[in-house]
>>> print(open('run02.txt').read())   # compact mmCIF, C-alpha atoms
# COMPACT_ATOMS: atom_id res chain seq x y z
CA MET X 1 77.69 167.45 141.72
CA ARG X 2 76.03 164.10 142.06
CA SER X 3 77.43 161.89 144.74
CA ASN X 4 76.47 159.92 147.88
CA ALA X 5 77.11 160.61 151.61
CA MET X 6 76.24 159.80 155.29
CA SER X 7 77.71 159.13 158.86
CA ARG X 8 77.04 158.00 162.50
CA ARG X 9 77.87 157.13 166.16
CA SER X 10 76.74 157.70 169.76
CA LEU X 11 74.58 160.56 171.07
CA LEU X 12 75.58 163.72 172.87
CA GLY X 13 73.11 165.51 175.09
CA GLY X 14 72.94 168.51 177.37
CA PHE X 15 73.36 171.23 174.76
CA GLY X 16 71.55 174.50 174.93
CA GLY X 17 69.24 176.07 172.36
CA LEU X 18 70.43 176.86 168.86
CA THR X 19 72.35 180.07 168.39
CA VAL X 20 73.99 181.56 165.33
CA ALA X 21 77.75 182.07 165.52
CA GLY X 22 80.13 182.77 162.67
CA GLY X 23 78.04 181.29 159.90
CA LEU X 24 77.12 177.85 161.28
CA ALA X 25 74.53 177.37 164.00
CA ALA X 26 76.00 176.06 167.23
CA CYS X 27 75.19 172.59 168.51
CA GLY X 28 71.73 172.12 169.97
CA GLY X 29 70.10 169.40 172.06
CA GLY X 30 67.13 167.37 170.92
CA SER X 31 64.93 168.12 173.92
CA SER X 32 65.44 171.87 173.64
CA SER X 33 64.47 171.69 169.96
CA GLY X 34 61.11 170.16 170.75
CA GLY X 35 61.51 167.07 168.55
CA ASP X 36 60.80 163.42 169.30
CA PRO X 37 64.08 162.03 170.77
CA ASP X 38 63.13 158.56 169.51
CA THR X 39 62.70 159.57 165.84
CA VAL X 40 65.04 160.96 163.20
CA THR X 41 63.80 162.13 159.81
CA PHE X 42 66.01 161.60 156.78
CA ALA X 43 66.11 162.93 153.19
CA ASN X 44 68.07 161.84 150.15
CA TRP X 45 67.57 162.13 146.40
CA SER X 46 66.64 158.98 144.54
CA SER X 47 69.87 157.21 143.69
CA GLY X 48 68.40 154.20 141.96
CA THR X 49 70.89 151.45 142.70
CA ASP X 50 71.83 152.82 146.12
CA ALA X 51 68.35 153.30 147.59
CA PRO X 52 68.02 149.76 149.05
CA LEU X 53 71.49 150.03 150.52
CA TYR X 54 70.66 153.23 152.36
CA THR X 55 67.55 151.57 153.72
CA GLY X 56 69.71 148.79 155.14
CA ILE X 57 72.03 151.30 156.79
CA LEU X 58 69.09 153.14 158.33
CA ASP X 59 67.57 149.90 159.62
CA ARG X 60 70.92 148.95 161.13
CA TYR X 61 71.05 152.23 163.03
CA THR X 62 67.51 151.75 164.34
CA SER X 63 68.37 148.25 165.56
CA SER X 64 71.48 149.41 167.41
CA SER X 65 70.11 152.67 168.84
CA GLY X 66 66.37 152.14 169.25
CA ILE X 67 65.80 155.39 167.37
CA SER X 68 63.40 155.11 164.45
CA VAL X 69 64.54 156.64 161.16
CA VAL X 70 61.75 158.02 158.98
CA PRO X 71 62.96 158.55 155.39
CA GLN X 72 61.14 161.03 153.22
CA ALA X 73 60.04 159.75 149.84
CA ASP X 74 62.96 159.99 147.41
CA VAL X 75 62.69 162.41 144.52
CA SER X 76 64.91 162.85 141.47
CA TYR X 77 68.27 164.57 141.74
CA ASP X 78 67.06 167.71 139.97
CA ASP X 79 63.82 167.97 141.98
CA TYR X 80 65.70 167.39 145.22
CA GLN X 81 67.86 170.48 144.73
CA THR X 82 64.75 172.66 144.83
CA ARG X 83 63.15 170.72 147.67
CA PHE X 84 66.33 170.86 149.73
CA ARG X 85 66.52 174.64 149.68
CA THR X 86 62.81 175.01 150.40
CA GLN X 87 62.89 172.65 153.35
CA LEU X 88 66.12 174.06 154.74
CA ALA X 89 64.59 177.53 154.84
CA GLY X 90 61.35 176.23 156.39
CA GLY X 91 60.50 175.66 160.01
CA ALA X 92 60.96 171.89 160.32
CA PRO X 93 63.41 170.40 157.81
CA PRO X 94 64.42 166.72 158.01
CA ASP X 95 66.95 166.00 160.73
CA VAL X 96 69.54 164.59 158.31
CA MET X 97 69.70 165.68 154.67
CA ARG X 98 71.84 164.88 151.66
CA LEU X 99 73.57 167.96 150.21
CA ASN X 100 75.07 168.47 146.77
CA ASP X 101 78.77 168.97 147.48
CA ASP X 102 78.97 171.81 144.94
CA PHE X 103 76.77 173.97 147.12
CA PHE X 104 78.19 173.23 150.58
CA ARG X 105 79.95 176.53 151.19
CA GLU X 106 77.07 178.77 150.17
CA ILE X 107 74.66 176.78 152.37
CA ALA X 108 77.07 176.61 155.31
CA ASP X 109 77.70 180.35 155.19
CA LYS X 110 74.00 181.14 155.42
CA ASN X 111 73.65 179.94 159.04
CA GLN X 112 71.46 177.04 157.91
CA LEU X 113 73.56 174.10 159.09
CA LEU X 114 74.34 172.80 162.56
CA ASP X 115 77.98 173.13 163.62
CA ILE X 116 79.04 169.63 164.70
CA SER X 117 82.64 170.52 165.55
CA ASP X 118 82.22 169.72 169.27
CA ARG X 119 80.87 166.27 168.46
CA THR X 120 83.57 165.01 166.12
CA SER X 121 85.86 164.05 169.02
CA GLU X 122 83.81 160.83 169.07
CA LEU X 123 85.03 159.89 165.61
CA ASP X 124 88.16 157.89 164.85
CA VAL X 125 89.40 160.63 162.54
CA ALA X 126 92.77 158.95 161.98
CA SER X 127 90.99 156.08 160.20
CA LEU X 128 89.31 158.40 157.67
CA TYR X 129 90.59 159.68 154.33
CA GLU X 130 92.00 163.08 155.25
CA ASP X 131 90.66 165.01 152.25
CA VAL X 132 87.20 163.46 152.55
CA TYR X 133 86.92 164.32 156.23
CA ALA X 134 88.34 167.82 155.69
CA PHE X 135 85.76 168.68 153.03
CA THR X 136 83.17 170.02 155.49
CA GLU X 137 85.57 172.09 157.58
CA ARG X 138 84.92 175.81 157.36
CA PRO X 139 86.69 178.64 159.21
CA ASN X 140 83.56 179.06 161.33
CA GLY X 141 82.88 175.40 162.11
CA ARG X 142 81.98 172.07 160.55
CA GLY X 143 78.61 171.88 158.82
CA GLY X 144 78.26 168.18 158.07
CA LEU X 145 80.13 164.94 157.35
CA ALA X 146 81.27 163.38 154.10
CA ILE X 147 80.68 159.65 154.32
CA GLY X 148 82.68 158.87 151.21
CA SER X 149 83.68 159.78 147.69
CA GLN X 150 82.82 158.63 144.18
CA PRO X 151 86.10 159.06 142.31
CA ARG X 152 86.23 159.63 138.59
CA VAL X 153 88.15 157.34 136.26
CA VAL X 154 88.23 156.27 132.62
CA TYR X 155 86.18 153.18 131.82
CA TYR X 156 87.52 151.31 128.82
CA ASN X 157 86.50 148.44 126.58
CA LYS X 158 89.32 146.06 127.48
CA THR X 159 88.39 143.55 124.79
CA LEU X 160 88.62 146.22 122.10
CA LEU X 161 91.78 147.91 123.36
CA ASP X 162 93.53 144.56 123.76
CA SER X 163 92.66 143.71 120.16
CA LYS X 164 94.27 146.99 119.07
CA GLY X 165 97.39 146.38 121.14
CA ILE X 166 96.61 149.43 123.28
CA THR X 167 97.81 149.20 126.88
CA VAL X 168 96.43 151.53 129.55
CA PRO X 169 97.68 151.75 133.14
CA THR X 170 95.71 150.04 135.89
CA THR X 171 97.35 152.01 138.70
CA TRP X 172 97.55 155.77 139.18
CA THR X 173 100.37 156.82 136.89
CA MET X 174 100.89 159.31 134.08
CA ASP X 175 103.57 157.14 132.49
CA GLY X 176 102.21 156.38 129.02
CA TRP X 177 98.89 157.97 129.90
CA THR X 178 98.90 161.67 129.00
CA TRP X 179 96.26 163.61 127.10
CA ASP X 180 98.15 162.79 123.91
CA ASP X 181 98.13 159.07 124.74
CA PHE X 182 94.40 159.19 125.50
CA LEU X 183 93.66 160.93 122.19
CA ALA X 184 95.84 158.47 120.26
CA ALA X 185 93.95 155.54 121.81
CA ALA X 186 90.62 157.17 120.96
CA GLN X 187 91.69 157.70 117.36
CA GLU X 188 92.87 154.11 117.05
CA CYS X 189 89.46 152.86 118.26
CA ARG X 190 87.36 155.18 116.07
CA GLU X 191 85.78 153.07 113.34
CA GLY X 192 82.41 153.22 111.57
CA ASP X 193 79.71 154.06 114.13
CA ARG X 194 82.06 153.37 117.06
CA TYR X 195 83.56 156.39 118.79
CA GLY X 196 86.83 156.51 120.66
CA CYS X 197 85.74 158.31 123.83
CA ILE X 198 83.20 160.41 125.72
CA VAL X 199 84.47 163.05 128.14
CA VAL X 200 82.15 166.07 128.13
CA LYS X 201 78.96 164.40 129.38
CA ASP X 202 80.27 164.25 132.97
CA GLY X 203 80.58 167.80 134.30
CA GLY X 204 83.39 166.68 136.59
CA TYR X 205 85.76 166.94 133.64
CA GLU X 206 85.76 170.76 133.93
CA ASN X 207 87.63 170.82 137.23
CA THR X 208 89.61 167.61 136.66
CA PHE X 209 91.05 168.53 133.28
CA SER X 210 91.67 172.19 134.08
CA VAL X 211 93.62 171.28 137.23
CA ASN X 212 95.55 168.61 135.30
CA ASN X 213 96.42 171.33 132.81
CA GLY X 214 98.09 173.31 135.58
CA GLY X 215 95.18 175.57 136.55
CA GLU X 216 93.31 176.11 139.80
CA GLY X 217 90.17 174.43 138.55
CA ILE X 218 86.78 176.04 138.06
CA TYR X 219 87.26 178.59 140.84
CA SER X 220 90.29 180.07 142.56
CA ALA X 221 91.49 178.66 145.87
CA ASP X 222 89.85 181.50 147.79
CA GLY X 223 86.58 181.03 145.90
CA ARG X 224 86.48 184.61 144.70
CA SER X 225 87.32 184.33 141.00
CA PHE X 226 86.36 182.25 137.96
CA ALA X 227 89.61 180.36 137.36
CA LEU X 228 88.16 178.33 134.49
CA SER X 229 88.38 181.49 132.36
CA GLU X 230 92.16 181.56 132.78
CA PRO X 231 94.34 180.13 129.96
CA GLU X 232 94.75 176.70 131.58
CA GLY X 233 91.01 176.29 132.00
CA ILE X 234 90.15 177.58 128.55
CA GLU X 235 92.64 175.19 126.95
CA ALA X 236 91.25 172.23 128.92
CA ILE X 237 87.64 172.92 127.91
CA GLN X 238 88.61 173.45 124.29
CA TRP X 239 90.64 170.22 124.27
CA ALA X 240 87.60 168.26 125.46
CA ALA X 241 85.33 169.94 122.89
CA ASP X 242 87.85 169.30 120.12
CA LEU X 243 87.52 165.57 120.70
CA THR X 244 84.28 166.10 118.76
CA VAL X 245 84.69 169.15 116.56
CA VAL X 246 88.30 168.56 115.45
CA HIS X 247 89.19 164.91 115.97
CA ASP X 248 85.77 163.25 115.51
CA VAL X 249 86.46 160.68 118.25
CA GLN X 250 83.60 161.81 120.52
CA PRO X 251 79.86 161.74 119.62
CA GLN X 252 78.14 164.92 118.56
CA TRP X 253 76.71 166.91 121.47
CA ALA X 254 73.14 166.33 120.28
CA GLU X 255 73.71 162.57 120.42
CA LEU X 256 74.66 162.82 124.09
CA GLN X 257 71.54 164.64 125.26
CA PRO X 258 69.16 161.72 125.95
CA ASP X 259 69.25 160.33 129.50
CA ASN X 260 72.08 157.83 129.98
CA ALA X 261 73.19 158.31 126.37
CA GLU X 262 76.86 158.07 127.29
CA LEU X 263 76.26 154.88 129.29
CA ASN X 264 74.37 153.31 126.42
CA PHE X 265 77.10 154.23 123.95
CA PHE X 266 79.69 152.47 126.09
CA ALA X 267 77.61 149.46 127.16
CA SER X 268 76.63 148.74 123.55
CA GLY X 269 80.23 148.81 122.37
CA GLN X 270 79.82 152.07 120.43
CA CYS X 271 82.36 153.94 122.55
CA ALA X 272 85.78 152.67 123.59
CA MET X 273 86.46 154.90 126.61
CA LEU X 274 84.19 156.80 128.98
CA PHE X 275 85.14 159.38 131.60
CA GLY X 276 82.79 158.96 134.53
CA VAL X 277 82.13 158.63 138.24
CA MET X 278 82.36 155.43 140.27
CA SER X 279 78.60 154.83 140.30
CA THR X 280 78.81 154.21 136.54
CA SER X 281 80.33 150.81 137.34
CA LYS X 282 77.00 149.54 138.70
CA TYR X 283 75.29 150.31 135.40
CA LEU X 284 78.04 148.59 133.45
CA ARG X 285 77.90 145.46 135.60
CA ASP X 286 74.21 145.21 134.89
CA ASN X 287 74.30 146.04 131.19
CA VAL X 288 77.62 145.09 129.57
CA THR X 289 77.37 141.56 128.19
CA ASP X 290 79.49 141.39 125.02
CA PHE X 291 82.94 142.47 126.16
CA GLU X 292 85.26 142.80 129.15
CA TRP X 293 85.77 146.24 130.59
CA GLY X 294 88.13 147.81 133.07
CA ILE X 295 89.05 151.14 134.62
CA ALA X 296 92.10 153.34 134.13
CA PRO X 297 93.20 156.57 135.78
CA VAL X 298 92.34 159.95 134.34
CA PRO X 299 95.02 160.93 131.81
CA GLY X 300 97.41 163.58 133.07
CA ARG X 301 99.26 166.51 131.62
CA VAL X 302 100.89 168.87 134.11
CA LYS X 303 99.23 166.98 136.98
CA GLN X 304 97.15 163.84 137.32
CA VAL X 305 94.23 164.22 139.70
CA GLN X 306 90.51 163.57 139.62
CA GLU X 307 87.51 165.30 141.15
CA GLY X 308 85.57 162.82 143.25
CA SER X 309 81.93 163.52 144.02
CA ILE X 310 81.76 163.89 147.78
CA ILE X 311 78.91 161.98 149.45
CA LEU X 312 77.76 164.60 151.92
CA PHE X 313 75.08 164.72 154.60
CA VAL X 314 74.26 167.63 156.91
CA ILE X 315 72.14 168.39 159.95
CA PRO X 316 70.02 171.52 159.46
CA ALA X 317 70.27 174.18 162.15
CA LYS X 318 66.49 173.79 162.61
CA SER X 319 66.69 170.02 163.14
CA GLN X 320 64.06 168.86 165.66
CA ASN X 321 66.37 166.13 166.98
CA PRO X 322 70.02 167.12 166.51
CA ASP X 323 71.26 164.50 169.00
CA GLY X 324 69.52 161.66 167.19
CA ALA X 325 70.61 163.14 163.87
CA TRP X 326 74.23 163.12 164.97
CA GLY X 327 73.89 159.52 166.11
CA LEU X 328 72.76 158.52 162.63
CA LEU X 329 75.24 160.74 160.82
CA SER X 330 78.27 159.60 162.77
CA SER X 331 77.30 155.93 162.48
CA MET X 332 77.50 156.18 158.70
CA VAL X 333 81.24 156.87 158.73
CA SER X 334 81.90 153.81 160.88
CA GLN X 335 83.94 150.94 159.52
CA GLU X 336 80.92 148.63 159.67
CA ALA X 337 78.72 150.91 157.57
CA GLY X 338 81.62 151.67 155.26
CA GLU X 339 82.13 147.99 154.52
CA MET X 340 78.48 147.71 153.48
CA PHE X 341 78.85 150.64 151.09
CA ALA X 342 82.16 149.37 149.70
CA SER X 343 80.96 145.81 149.19
CA ALA X 344 78.09 147.13 147.10
CA GLY X 345 80.50 149.13 144.96
CA SER X 346 78.49 152.30 145.63
CA PHE X 347 81.37 154.58 146.54
CA ILE X 348 84.63 154.61 148.48
CA PRO X 349 83.66 155.05 152.14
CA ALA X 350 85.39 157.58 154.34
CA ASP X 351 86.93 154.80 156.45
CA ARG X 352 90.19 153.58 154.86
CA THR X 353 89.94 150.04 156.17
CA ALA X 354 86.37 149.68 154.97
CA ALA X 355 87.43 150.88 151.51
CA GLU X 356 89.34 147.63 151.03
CA ALA X 357 86.00 145.82 150.74
CA VAL X 358 85.36 147.49 147.38
CA ALA X 359 87.43 144.73 145.77
CA GLY X 360 84.58 142.34 146.48
CA SER X 361 82.20 144.32 144.28
CA ALA X 362 83.94 143.28 141.05
CA THR X 363 81.96 140.89 138.88
CA GLN X 364 83.98 140.80 135.65
CA GLY X 365 87.55 141.03 136.89
CA GLU X 366 87.62 144.80 136.56
CA ASN X 367 90.39 146.46 138.57
CA VAL X 368 88.09 148.16 141.06
CA ALA X 369 90.94 148.61 143.54
CA LEU X 370 91.88 151.65 141.45
CA PHE X 371 88.83 153.46 142.83
CA ALA X 372 90.35 153.47 146.32
CA GLU X 373 93.70 154.54 144.90
CA ALA X 374 91.99 157.39 143.06
CA VAL X 375 90.73 158.87 146.33
CA GLU X 376 94.36 159.56 147.23
CA HIS X 377 94.58 161.75 144.11
CA ASN X 378 91.47 163.84 144.64
CA GLN X 379 91.07 167.53 143.83
CA SER X 380 87.67 168.87 144.81
CA VAL X 381 86.19 171.99 143.29
CA ASN X 382 87.24 175.04 145.26
CA SER X 383 84.17 176.20 147.13
CA THR X 384 82.48 179.54 146.60
CA ALA X 385 79.58 181.48 148.07
CA ALA X 386 77.65 181.43 144.77
CA THR X 387 78.47 178.20 142.93
CA SER X 388 74.90 177.50 141.80
CA GLN X 389 74.51 180.96 140.26
CA ALA X 390 77.90 180.72 138.57
CA GLN X 391 77.01 177.38 137.01
CA GLN X 392 73.82 178.85 135.60
CA LEU X 393 75.84 181.56 133.87
CA TYR X 394 78.45 179.50 132.03
CA ARG X 395 77.40 175.85 131.76
CA PRO X 396 74.45 176.23 129.34
CA ALA X 397 76.71 178.15 126.96
CA LEU X 398 79.28 175.34 126.86
CA GLY X 399 76.91 173.39 124.63
CA ARG X 400 77.79 175.82 121.83
CA VAL X 401 81.48 175.07 122.39
CA TYR X 402 80.83 171.35 122.05
CA THR X 403 79.13 171.94 118.71
CA GLY X 404 81.90 174.21 117.42
CA GLU X 405 79.69 177.31 117.14
CA VAL X 406 81.93 179.32 119.46
CA THR X 407 85.24 178.78 121.23
CA ALA X 408 85.79 178.02 124.90
CA GLU X 409 87.63 181.32 125.20
CA GLU X 410 84.62 183.27 123.95
CA VAL X 411 82.21 181.62 126.38
CA LEU X 412 84.42 181.58 129.46
CA THR X 413 85.91 185.06 129.15
CA GLY X 414 82.47 186.37 128.23
CA ALA X 415 81.08 185.12 131.54
CA ARG X 416 84.12 186.06 133.61
CA ASP X 417 83.18 189.54 134.83
CA GLN X 418 79.64 188.60 135.81
CA ILE X 419 80.78 185.47 137.66
CA ASN X 420 83.63 187.31 139.41
CA ALA X 421 81.13 189.91 140.59
CA LEU X 422 78.94 187.13 142.00
CA LEU X 423 81.89 185.56 143.78
CA GLY X 424 82.95 188.83 145.36
CA LEU X 425 85.92 189.82 143.22
CA GLY X 426 84.09 192.36 141.09
>>> encode(input="run02.txt", output="structure tokens")
Amino acid sequence: MRSNAMSRRSLLGGFGGLTVAGGLAACGGGSSSGGDPDTVTFANWSSGTDAPLYTGILDRYTSSSGISVVPQADVSYDDYQTRFRTQLAGGAPPDVMRLNDDFFREIADKNQLLDISDRTSELDVASLYEDVYAFTERPNGRGGLAIGSQPRVVYYNKTLLDSKGITVPTTWTMDGWTWDDFLAAAQECREGDRYGCIVVKDGGYENTFSVNNGGEGIYSADGRSFALSEPEGIEAIQWAADLTVVHDVQPQWAELQPDNAELNFFASGQCAMLFGVMSTSKYLRDNVTDFEWGIAPVPGRVKQVQEGSIILFVIPAKSQNPDGAWGLLSSMVSQEAGEMFASAGSFIPADRTAAEAVAGSATQGENVALFAEAVEHNQSVNSTAATSQAQQLYRPALGRVYTGEVTAEEVLTGARDQINALLGLG
């Protein structure tokens, strides 16, 4: 899943050479790894609006520590996923790397990440969002740090909804904001070439809506079975598809295929509500000119949670300067760094106090404080040892559900046995 992440603080030295223990490589010292103790290499995918901000954070660390940070040239999100795996398996990967949160467990369990458990005593853990900090904890160690979360919400055209007399909550509540309420609002706003909503373009809806329907999410809690193929998951996926094929309040799937199609639909006033991640707000601030917009919580049913994209960075087991890497990583969960991220409206930083600064990122009166509230209602995807392979088996076929060619039940139950075998249940 796309997201953003980092961390930082002081250096620890005197560790021995890298050894493999229980899935994560044990802590190692920079000198024993043969790297330059005054240089840390850094890799991230190109995040567009966030790239200059990361540069500022890296420069800040260099100024305070005297350690030079050498960023690799950014590449696109899709290209980075291939480059990450290639570099991680190679002999000299970057010292600090961004990792797609979907794939954390399978990478951590392959002995490819440095266990930083012994170093986290330096952190003020009590000041961090508990679920965000806990994300990288594995039974065999801690393979990285989450520097924040990009929660998911519903963006809405406030000017339009106000004109229709439609009221949506601006705090996290299910009162008057169920799936039925959401659909009714979308139907009320559907008119001519204007659609009522877009849900399916953001893959985070799969976990969010299936959990809110009373299920476990995409995968079971132990990561060994394909929970999305259970009745609660099937019903959630079909409900989202039916916004198009039954209710005609969501654009046709083909219309949503061009890059940023969903953003353009909303920004141009051709869509009343958009389910999306926090980073969407930057695009809307830059491109919405003809109406006022706001954010609302995800509609609930049995539950009301959202799946935030975890901003995650790791230190490879083969890092040439693990001490310097930890210094950079830990510094990026500090309150000072968090306030920089929050003020830019990039994501909700791991530090709770710093998260309050997100209110300053509003430019049109939008209720951005809801982003911080949403972090308290987070439900991440249950991790598995084969998430990437599982996604390749079922996600392409969902396009046929969105067009009405087949049902969600047919696609999800059809993939169940093969995915369960991958995850270890079969």
>>> atom_distance(input="run02.txt", atom1="atom CA of Tyr205 of chain X", atom2="atom CA of Cys189 of chain X")
21.2 Å
>>> atom_distance(input="run02.txt", atom1="atom CA of Leu183 of chain X", atom2="atom CA of Ile237 of chain X")
14.6 Å
>>> atom_distance(input="run02.txt", atom1="atom CA of Asp118 of chain X", atom2="atom CA of Asn382 of chain X")
25.1 Å
>>> residues_around(input="run02.txt", residues="segment 35-39 of chain X", least_positions_apart="4", cutoff="9 Å", atoms="all atoms listed in the file", output="list in words")
Gly30, Ser31, Gly66, Ile67, Ser68, Val69, Val70, Ser319, Gln320, Asn321, Pro322, Asp323, Gly324 and Ala325 of chain X
>>> closest_residue(input="run02.txt", among="X:Val314, X:Leu99, X:Ala357, X:Val40", to="Leu24 of chain X", atoms="only C-alpha atoms")
X:Val314
>>> closest_residue(input="run02.txt", among="X:Gly327, X:Gly176, X:Gly404, X:Pro316", to="Arg85 of chain X", atoms="all atoms listed in the file")
X:Pro316
>>> residues_near_point(input="run02.txt", point="(67.7, 175.2, 159.5)", cutoff="8 Å", atoms="all atoms listed in the file", output="PyMOL selection string")
chain X and resi 88-93+111-114+316-319
>>> residues_near_point(input="run02.txt", point="(89.0, 163.7, 147.8)", cutoff="6 Å", atoms="only C-alpha atoms", output="PyMOL selection string")
chain X and resi 131-132+308+375+378-379
>>> closest_residue(input="run02.txt", among="X:Leu328, X:Ile234, X:Leu312, X:Val154", to="Phe42 of chain X", atoms="only C-alpha atoms")
X:Leu328
>>> closest_residue(input="run02.txt", among="X:Tyr195, X:Trp293, X:Phe103, X:Trp177", to="Glu262 of chain X", atoms="all atoms listed in the file")
X:Tyr195
>>> build_atoms(input="run02.txt", residues="segment 234-250 of chain X", atoms="N, CA and C atoms", output="short mmCIF file (atom, residue, chain, number, x, y, z; two decimals), in the frame of the given file")
data_model
loop_
_atom_site.label_atom_id
_atom_site.label_comp_id
_atom_site.auth_asym_id
_atom_site.auth_seq_id
_atom_site.Cartn_x
_atom_site.Cartn_y
_atom_site.Cartn_z
N ILE X 234 90.65 177.44 129.91
CA ILE X 234 90.15 177.58 128.55
C ILE X 234 90.71 176.48 127.66
N GLU X 235 92.01 176.22 127.78
CA GLU X 235 92.64 175.19 126.95
C GLU X 235 92.07 173.81 127.25
N ALA X 236 91.80 173.54 128.54
CA ALA X 236 91.25 172.23 128.92
C ALA X 236 89.85 172.03 128.35
N ILE X 237 89.00 173.04 128.45
CA ILE X 237 87.64 172.92 127.91
C ILE X 237 87.67 172.78 126.39
N GLN X 238 88.53 173.55 125.74
CA GLN X 238 88.61 173.45 124.29
C GLN X 238 89.14 172.09 123.85
N TRP X 239 90.10 171.55 124.60
CA TRP X 239 90.64 170.22 124.27
C TRP X 239 89.53 169.17 124.31
N ALA X 240 88.69 169.23 125.35
CA ALA X 240 87.60 168.26 125.46
C ALA X 240 86.59 168.44 124.34
N ALA X 241 86.27 169.69 123.99
CA ALA X 241 85.33 169.94 122.89
C ALA X 241 85.90 169.48 121.55
N ASP X 242 87.21 169.66 121.38
CA ASP X 242 87.85 169.30 120.12
C ASP X 242 87.88 167.80 119.88
N LEU X 243 87.66 167.01 120.92
CA LEU X 243 87.52 165.57 120.70
C LEU X 243 86.38 165.29 119.72
N THR X 244 85.39 166.20 119.72
CA THR X 244 84.28 166.10 118.76
C THR X 244 84.53 166.93 117.51
N VAL X 245 84.75 168.23 117.70
CA VAL X 245 84.69 169.15 116.56
C VAL X 245 85.95 169.13 115.70
N VAL X 246 87.06 168.63 116.23
CA VAL X 246 88.30 168.56 115.45
C VAL X 246 88.68 167.12 115.12
N HIS X 247 88.66 166.27 116.14
CA HIS X 247 89.19 164.91 115.97
C HIS X 247 88.13 163.87 115.64
N ASP X 248 86.86 164.18 115.84
CA ASP X 248 85.77 163.25 115.51
C ASP X 248 85.90 161.91 116.24
N VAL X 249 86.37 161.93 117.48
CA VAL X 249 86.46 160.68 118.25
C VAL X 249 85.41 160.63 119.35
N GLN X 250 84.64 161.70 119.50
CA GLN X 250 83.60 161.81 120.52
C GLN X 250 82.27 162.10 119.82
#
